[in-house]
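Source file: work-v1.tsv (TSV, C-alpha atoms)
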chain	number	residue	atom	x	y	z
A	1	MET	CA	18.67	-18.85	3.87
A	2	LYS	CA	16.17	-18.50	1.03
A	3	ARG	CA	14.48	-15.13	1.26
A	4	CYS	CA	10.75	-14.58	0.94
A	5	ALA	CA	9.07	-13.16	-2.14
A	6	ARG	CA	7.88	-9.59	-1.58
A	7	ILE	CA	4.54	-8.80	-3.21
A	8	GLY	CA	3.12	-5.27	-3.28
A	9	ILE	CA	-0.66	-4.96	-3.50
A	10	THR	CA	-1.67	-1.46	-4.54
A	11	GLY	CA	-4.50	0.59	-5.97
A	12	LYS	CA	-6.52	3.69	-5.25
A	13	LEU	CA	-9.13	4.08	-2.54
A	14	GLY	CA	-12.02	1.61	-2.74
A	15	THR	CA	-10.64	-0.47	-5.60
A	16	GLY	CA	-10.76	-3.73	-3.64
A	17	LYS	CA	-7.11	-4.23	-2.69
A	18	SER	CA	-8.18	-4.95	0.89
A	19	VAL	CA	-10.34	-7.83	-0.40
A	20	LEU	CA	-7.36	-9.31	-2.22
A	21	ILE	CA	-5.06	-8.98	0.81
A	22	ARG	CA	-7.71	-10.58	3.06
A	23	LEU	CA	-8.04	-13.56	0.75
A	24	MET	CA	-4.26	-13.86	0.55
A	25	GLU	CA	-4.12	-13.94	4.34
A	26	GLU	CA	-6.77	-16.68	4.37
A	27	ARG	CA	-4.60	-18.65	1.93
A	28	GLY	CA	-1.64	-18.52	4.33
A	29	TYR	CA	0.30	-15.47	3.17
A	30	THR	CA	2.00	-13.22	5.69
A	31	VAL	CA	0.30	-9.87	5.09
A	32	LEU	CA	1.06	-6.31	6.14
A	33	ARG	CA	-1.45	-3.47	5.84
A	34	THR	CA	0.52	-0.25	5.74
A	35	ASP	CA	-2.33	1.95	7.01
A	36	GLU	CA	-2.43	-0.13	10.20
A	37	LEU	CA	1.35	-0.34	10.36
A	38	ALA	CA	1.74	3.42	9.95
A	39	ARG	CA	-0.79	4.12	12.70
A	40	GLU	CA	1.00	1.73	15.05
A	41	ILE	CA	4.37	3.37	14.36
A	42	MET	CA	2.95	6.88	14.72
A	43	GLU	CA	1.61	5.94	18.15
A	44	ARG	CA	4.60	4.06	19.59
A	45	ASP	CA	7.51	6.09	18.17
A	46	ALA	CA	7.98	9.13	20.42
A	47	ALA	CA	10.34	10.89	17.98
A	48	LEU	CA	7.87	10.45	15.14
A	49	ARG	CA	5.01	11.73	17.31
A	50	LYS	CA	7.01	14.87	18.01
A	51	LYS	CA	7.65	15.47	14.31
A	52	LEU	CA	3.98	14.99	13.42
A	53	ILE	CA	2.86	17.43	16.12
A	54	GLU	CA	5.32	19.97	14.71
A	55	ILE	CA	3.79	19.50	11.25
A	56	LEU	CA	0.09	19.21	12.09
A	57	GLY	CA	-0.32	20.68	15.58
A	58	PRO	CA	-1.11	19.35	19.08
A	59	GLN	CA	-4.54	18.04	18.04
A	60	THR	CA	-2.77	15.26	16.12
A	61	TYR	CA	-2.96	13.07	19.24
A	62	ASN	CA	-5.39	12.43	22.06
A	63	GLY	CA	-2.85	11.44	24.68
A	64	GLU	CA	-0.71	8.93	22.76
A	65	LYS	CA	-3.53	7.88	20.41
A	66	LEU	CA	-3.52	9.25	16.88
A	67	ASP	CA	-6.59	11.33	16.01
A	68	ARG	CA	-7.08	9.88	12.54
A	69	CYS	CA	-10.05	12.09	11.69
A	70	PHE	CA	-8.10	15.24	12.53
A	71	VAL	CA	-5.06	14.11	10.57
A	72	ALA	CA	-7.19	13.19	7.53
A	73	SER	CA	-8.96	16.55	7.64
A	74	ARG	CA	-5.61	18.36	7.59
A	75	VAL	CA	-3.62	16.40	5.03
A	76	PHE	CA	-6.34	15.94	2.43
A	77	GLU	CA	-7.08	19.65	2.40
A	78	ASP	CA	-3.41	20.60	2.04
A	79	ASN	CA	-1.16	18.65	-0.30
A	80	THR	CA	1.95	20.30	1.17
A	81	LEU	CA	1.11	18.94	4.62
A	82	LEU	CA	0.42	15.49	3.14
A	83	LYS	CA	3.85	15.37	1.54
A	84	LYS	CA	5.50	16.47	4.80
A	85	VAL	CA	3.70	13.73	6.72
A	86	GLU	CA	4.56	11.10	4.12
A	87	ALA	CA	8.21	12.21	4.22
A	88	VAL	CA	8.52	11.34	7.92
A	89	VAL	CA	6.15	8.36	8.13
A	90	HIS	CA	6.93	6.48	4.93
A	91	PRO	CA	10.63	5.72	5.69
A	92	ALA	CA	9.62	4.28	9.07
A	93	VAL	CA	6.98	2.07	7.44
A	94	THR	CA	9.42	0.90	4.76
A	95	LYS	CA	11.98	0.01	7.42
A	96	GLU	CA	9.38	-2.03	9.33
A	97	VAL	CA	8.28	-3.88	6.18
A	98	GLU	CA	11.87	-4.75	5.32
A	99	LYS	CA	12.41	-5.97	8.89
A	100	VAL	CA	9.45	-8.38	8.64
A	101	CYS	CA	10.60	-9.63	5.23
A	102	ALA	CA	14.16	-10.21	6.47
A	103	LEU	CA	12.90	-12.37	9.32
A	104	GLN	CA	10.82	-14.64	7.07
A	105	ALA	CA	12.60	-17.55	5.40
A	106	GLY	CA	10.96	-18.52	2.13
A	107	GLY	CA	7.29	-18.14	1.32
A	108	ALA	CA	5.90	-14.72	0.55
A	109	VAL	CA	4.98	-11.47	2.28
A	110	ALA	CA	2.16	-9.41	0.77
A	111	VAL	CA	2.03	-5.69	1.53
A	112	GLU	CA	-1.07	-3.57	0.94
A	113	SER	CA	-0.32	0.10	0.24
A	114	ALA	CA	-1.75	2.82	-1.98
A	115	LEU	CA	1.78	4.27	-2.29
A	116	VAL	CA	3.61	1.38	-3.97
A	117	LEU	CA	3.61	2.84	-7.49
A	118	ARG	CA	3.70	6.50	-6.43
A	119	THR	CA	6.94	6.38	-4.46
A	120	ARG	CA	10.28	4.55	-4.30
A	121	PHE	CA	8.47	2.04	-2.08
A	122	ARG	CA	8.11	0.03	-5.32
A	123	GLU	CA	11.82	-0.75	-5.23
A	124	ILE	CA	11.58	-3.16	-2.26
A	125	PHE	CA	9.20	-5.56	-4.04
A	126	ASP	CA	9.66	-8.50	-6.35
A	127	TYR	CA	6.16	-8.33	-7.84
A	128	ILE	CA	3.56	-5.57	-7.85
A	129	VAL	CA	-0.19	-6.16	-8.28
A	130	LEU	CA	-2.33	-3.16	-9.19
A	131	VAL	CA	-6.05	-3.40	-8.37
A	132	GLU	CA	-8.20	-1.07	-10.48
A	133	SER	CA	-11.83	0.00	-10.38
A	134	PRO	CA	-13.78	2.89	-11.97
A	135	ASP	CA	-13.74	5.92	-9.66
A	136	ALA	CA	-17.54	6.05	-9.53
A	137	ALA	CA	-17.67	2.45	-8.29
A	138	SER	CA	-14.91	3.11	-5.75
A	139	ILE	CA	-16.72	6.16	-4.37
A	140	GLU	CA	-20.01	4.27	-4.12
A	141	ARG	CA	-18.21	1.44	-2.32
A	142	VAL	CA	-16.56	3.59	0.38
A	143	ILE	CA	-19.74	5.60	0.97
A	144	LYS	CA	-21.75	2.39	1.40
A	145	GLU	CA	-19.15	1.11	3.88
A	146	GLY	CA	-19.35	4.40	5.80
A	147	ARG	CA	-15.64	5.05	5.42
A	148	LEU	CA	-15.78	8.53	3.85
A	149	SER	CA	-18.18	11.12	2.51
A	150	ALA	CA	-18.47	11.54	-1.26
A	151	ALA	CA	-16.46	14.77	-1.14
A	152	ASP	CA	-13.67	13.23	0.93
A	153	ALA	CA	-13.56	10.14	-1.28
A	154	LYS	CA	-13.23	12.28	-4.43
A	155	ALA	CA	-10.43	14.31	-2.82
A	156	ARG	CA	-8.60	11.14	-1.77
A	157	LEU	CA	-8.90	9.63	-5.25
A	158	ARG	CA	-7.51	12.81	-6.85
A	159	GLU	CA	-4.53	12.63	-4.49
A	160	GLN	CA	-3.98	8.94	-5.25
A	161	ASP	CA	-4.00	9.31	-9.03
A	162	ILE	CA	-1.61	6.89	-10.77
A	163	SER	CA	0.12	8.06	-13.95
A	164	GLU	CA	0.28	5.83	-17.03
A	165	GLU	CA	4.04	5.61	-16.56
A	166	ASP	CA	3.61	4.35	-13.00
A	167	ARG	CA	0.79	2.01	-14.06
A	168	ALA	CA	3.13	0.43	-16.59
A	169	GLU	CA	5.39	-0.62	-13.72
A	170	ALA	CA	2.76	-2.97	-12.31
A	171	ASP	CA	3.58	-6.61	-12.99
A	172	LEU	CA	-0.05	-7.74	-12.75
A	173	ILE	CA	-3.33	-5.81	-13.00
A	174	LEU	CA	-6.60	-6.97	-11.42
A	175	GLU	CA	-9.82	-5.32	-12.59
A	176	ASN	CA	-12.77	-4.85	-10.21
A	177	ASP	CA	-16.04	-4.01	-11.99
A	178	GLY	CA	-17.99	-3.86	-8.73
A	179	LEU	CA	-19.55	-7.34	-8.70
A	180	LYS	CA	-18.43	-8.85	-5.37
A	181	GLU	CA	-18.63	-12.56	-6.19
A	182	ALA	CA	-16.96	-12.12	-9.58
A	183	PHE	CA	-14.18	-10.02	-8.09
A	184	GLU	CA	-13.47	-12.51	-5.30
A	185	LEU	CA	-13.19	-15.25	-7.94
A	186	LYS	CA	-10.70	-13.08	-9.84
A	187	CYS	CA	-8.77	-12.60	-6.60
A	188	GLN	CA	-8.54	-16.35	-6.05
A	189	THR	CA	-7.22	-16.78	-9.59
A	190	MET	CA	-4.67	-14.02	-8.98
A	191	ILE	CA	-3.52	-15.76	-5.79
A	192	ASP	CA	-3.08	-19.02	-7.74
A	193	ILE	CA	-0.78	-17.11	-10.11
A	194	LEU	CA	1.13	-15.54	-7.23
A	195	ASP	CA	1.48	-18.95	-5.56
A	196	ALA	CA	3.27	-20.16	-8.66
A	197	ILE	CA	5.58	-17.20	-9.26
A	198	ALA	CA	6.45	-16.79	-5.57
A	199	THR	CA	8.26	-20.14	-5.67
A	200	ARG	CA	10.77	-18.92	-8.28
A	201	GLU	CA	14.41	-18.57	-7.33
A	202	LEU	CA	14.96	-14.93	-6.44
A	203	PRO	CA	18.09	-12.78	-6.60
A	204	GLU	CA	19.38	-11.19	-3.41
A	205	GLU	CA	18.20	-7.77	-4.62
A	206	PRO	CA	14.42	-7.21	-4.89
A	207	LEU	CA	13.40	-8.31	-8.36
A	208	HIS	CA	11.45	-5.20	-9.34
A	209	ALA	CA	14.45	-2.94	-8.61
A	210	LYS	CA	16.79	-5.35	-10.41
A	211	ILE	CA	14.66	-5.38	-13.55
A	212	LYS	CA	14.54	-1.58	-13.55
A	213	GLU	CA	18.31	-1.40	-13.10
A	214	ASP	CA	18.88	-3.89	-15.92
A	215	ASN	CA	16.54	-1.94	-18.24
A	216	ASN	CA	18.40	1.29	-17.49
A	217	LYS	CA	21.66	-0.34	-18.57
A	218	LYS	CA	20.25	-1.23	-21.99

When written as structure tokens, how does the structure in this file appear?
Amino acid sequence: MKRCARIGITGKLGTGKSVLIRLMEERGYTVLRTDELAREIMERDAALRKKLIEILGPQTYNGEKLDRCFVASRVFEDNTLLKKVEAVVHPAVTKEVEKVCALQAGGAVAVESALVLRTRFREIFDYIVLVESPDAASIERVIKEGRLSAADAKARLREQDISEEDRAEADLILENDGLKEAFELKCQTMIDILDAIATRELPEEPLHAKIKEDNNKK
């Protein structure tokens, strides 16, 4: 059975990666949004709920529903707590993504996550698209959408900083200068490119990890 192409869509807060993933979904791609996936797992997995309560306290949940505001207030004020939460949640998310990919024959699965280039999550993908935008434009965008305050947005962007070494691992980079119509046109062009490369014959091992392994042997 021909496996699907795995495409990671990443970028910092407010860069526009959610616009790209939405347009990919409209073009027929199977898409996974890891923020939504993580919340679902954190609410349905009893063992994970227990671990998160141990890390963050009983206010983490209202009944079985995750209190996202409380969790955000804790982890983005304390980097140690954030890393502890990521350490228990991220493997569960990765497992779920791989499960979806394994069940899909051919085509492509696109996964939106801010963590692709900052963790070993990158190793499950064939192609990685990095969406970039100036921090000032990203902050203005999330404030306008009512998602975060300016202070919270700045804190989140500091936490999501991508090193030049990690940036170099991106296969494709999409720039967002803040003009909505122009950016959506760029997204459509990017999807045309992904349509073409997603049809290539793929090795059994995810291509990004294979390329890294081959480079390390040189």

Notebook entry, point to check: Contacts of A:Glu77 at 10 Å or less, counting all atoms listed in the file, minus same-chain residues fewer than 6 places along, as a list in words?
Noted result: Asp152, Ala155 and Arg156 of chain A

For the residues in the current selection, export C-alpha atoms as a PDB file, in the frame of the given file.
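Below you can see result_38.pdb, which holds the result:
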ATOM      1  CA  ASP A 152     -13.670  13.230   0.930  1.00  0.00           C
ATOM      2  CA  ALA A 155     -10.430  14.310  -2.820  1.00  0.00           C
ATOM      3  CA  ARG A 156      -8.600  11.140  -1.770  1.00  0.00           C
TER       4      ARG A 156
END

Note to self: From the options A:Thr94, A:Gln104, A:Asn79, A:Ser149, which residue's atoms come nearest to A:Lys2, counting all atoms listed in the file?
What the structure shows: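 The answer is A:Gln104, which sits nearest to A:Lys2.
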
Check: Hey, which of A:Ile55, A:Arg39, A:Ala46, A:Glu204 ends up closest to A:Thr80? Count all atoms listed in the file.
Finding: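 For A:Thr80, the nearest of the given residues is A:Ile55.
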
Notebook entry, point to check: Given the choices A:Ile193, A:Leu185, A:Cys4, A:Ile41, which gets closest to A:Glu96 if the distance is worked out from all atoms listed in the file?
Noted result: A:Ile41

Notebook entry, point to check: What lies within 6 Å of A:Asn176 using only C-alpha atoms, ignoring chain neighbours under 4 positions off, as JSON, numbers by chain?
Noted result: {"A": [132, 133, 183]}

Check: stretch 128-131 of chain A: which residues within 6 Å, counting all atoms listed in the file, same-chain residues fewer than 6 positions away excluded, as an MDAnalysis selection string?
Finding: chainID A and resid 7:11 17 170:175

Notebook entry, point to check: Taking into account all atoms listed in the file, which residue in the set A:Ala110, A:Val85, A:Ala72, A:Ala5 is nearest to A:Ile197?
Noted result: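 For A:Ile197, the nearest of the given residues is A:Ala5.
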
Margin query: For a cutoff of 12 Å around the file-coordinate point (1.9, 16.4, 5.6), which residues qualify once you count all atoms listed in the file? I'd like the result as a ChimeraX atom specification.
Written below: /A:51-57,60,71-90

C-alpha atoms of the current selection, written as a tab-separated table (two decimals), keeping the file's coordinate frame:
chain	number	residue	atom	x	y	z
A	51	LYS	CA	7.65	15.47	14.31
A	52	LEU	CA	3.98	14.99	13.42
A	53	ILE	CA	2.86	17.43	16.12
A	54	GLU	CA	5.32	19.97	14.71
A	55	ILE	CA	3.79	19.50	11.25
A	56	LEU	CA	0.09	19.21	12.09
A	57	GLY	CA	-0.32	20.68	15.58
A	60	THR	CA	-2.77	15.26	16.12
A	71	VAL	CA	-5.06	14.11	10.57
A	72	ALA	CA	-7.19	13.19	7.53
A	73	SER	CA	-8.96	16.55	7.64
A	74	ARG	CA	-5.61	18.36	7.59
A	75	VAL	CA	-3.62	16.40	5.03
A	76	PHE	CA	-6.34	15.94	2.43
A	77	GLU	CA	-7.08	19.65	2.40
A	78	ASP	CA	-3.41	20.60	2.04
A	79	ASN	CA	-1.16	18.65	-0.30
A	80	THR	CA	1.95	20.30	1.17
A	81	LEU	CA	1.11	18.94	4.62
A	82	LEU	CA	0.42	15.49	3.14
A	83	LYS	CA	3.85	15.37	1.54
A	84	LYS	CA	5.50	16.47	4.80
A	85	VAL	CA	3.70	13.73	6.72
A	86	GLU	CA	4.56	11.10	4.12
A	87	ALA	CA	8.21	12.21	4.22
A	88	VAL	CA	8.52	11.34	7.92
A	89	VAL	CA	6.15	8.36	8.13
A	90	HIS	CA	6.93	6.48	4.93

Notebook entry, point to check: Smallest atom-to-atom distance to A:Glu98: which of A:Leu20, A:Leu207, A:Leu117, A:Ile124, using only C-alpha atoms?
Noted result: A:Ile124

Next item on the list: Measure the distance from atom CA of A:Val31 to atom CA of A:Thr199 in Å and round it to one decimal.
Entry: 16.9 Å

Margin query: Considering all atoms listed in the file, can you say which of A:Pro134, A:Leu202, A:Ser18, A:Met24 comes closest to A:Thr189?
Written below: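 Distance minimum relative to A:Thr189 lands on A:Met24.
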
Note to self: Can you pull out the residues contacting A:Ser138? Cut-off 10 Å, using all atoms listed in the file, and skip same-chain residues under 5 positions away; I want them as a PyMOL selection string.
What the structure shows: chain A and resi 12-16+132-133+143-144+153-154+157+176-178

Note to self: For a test of reading the model, state the distance in Å between atom CA of A:Arg118 and atom CA of A:Glu201, rounded to one decimal.
What the structure shows: 27.3 Å

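Between atom CA of A:Glu25 and atom CA of A:Asp126 the interatomic distance comes to 18.3 Å.
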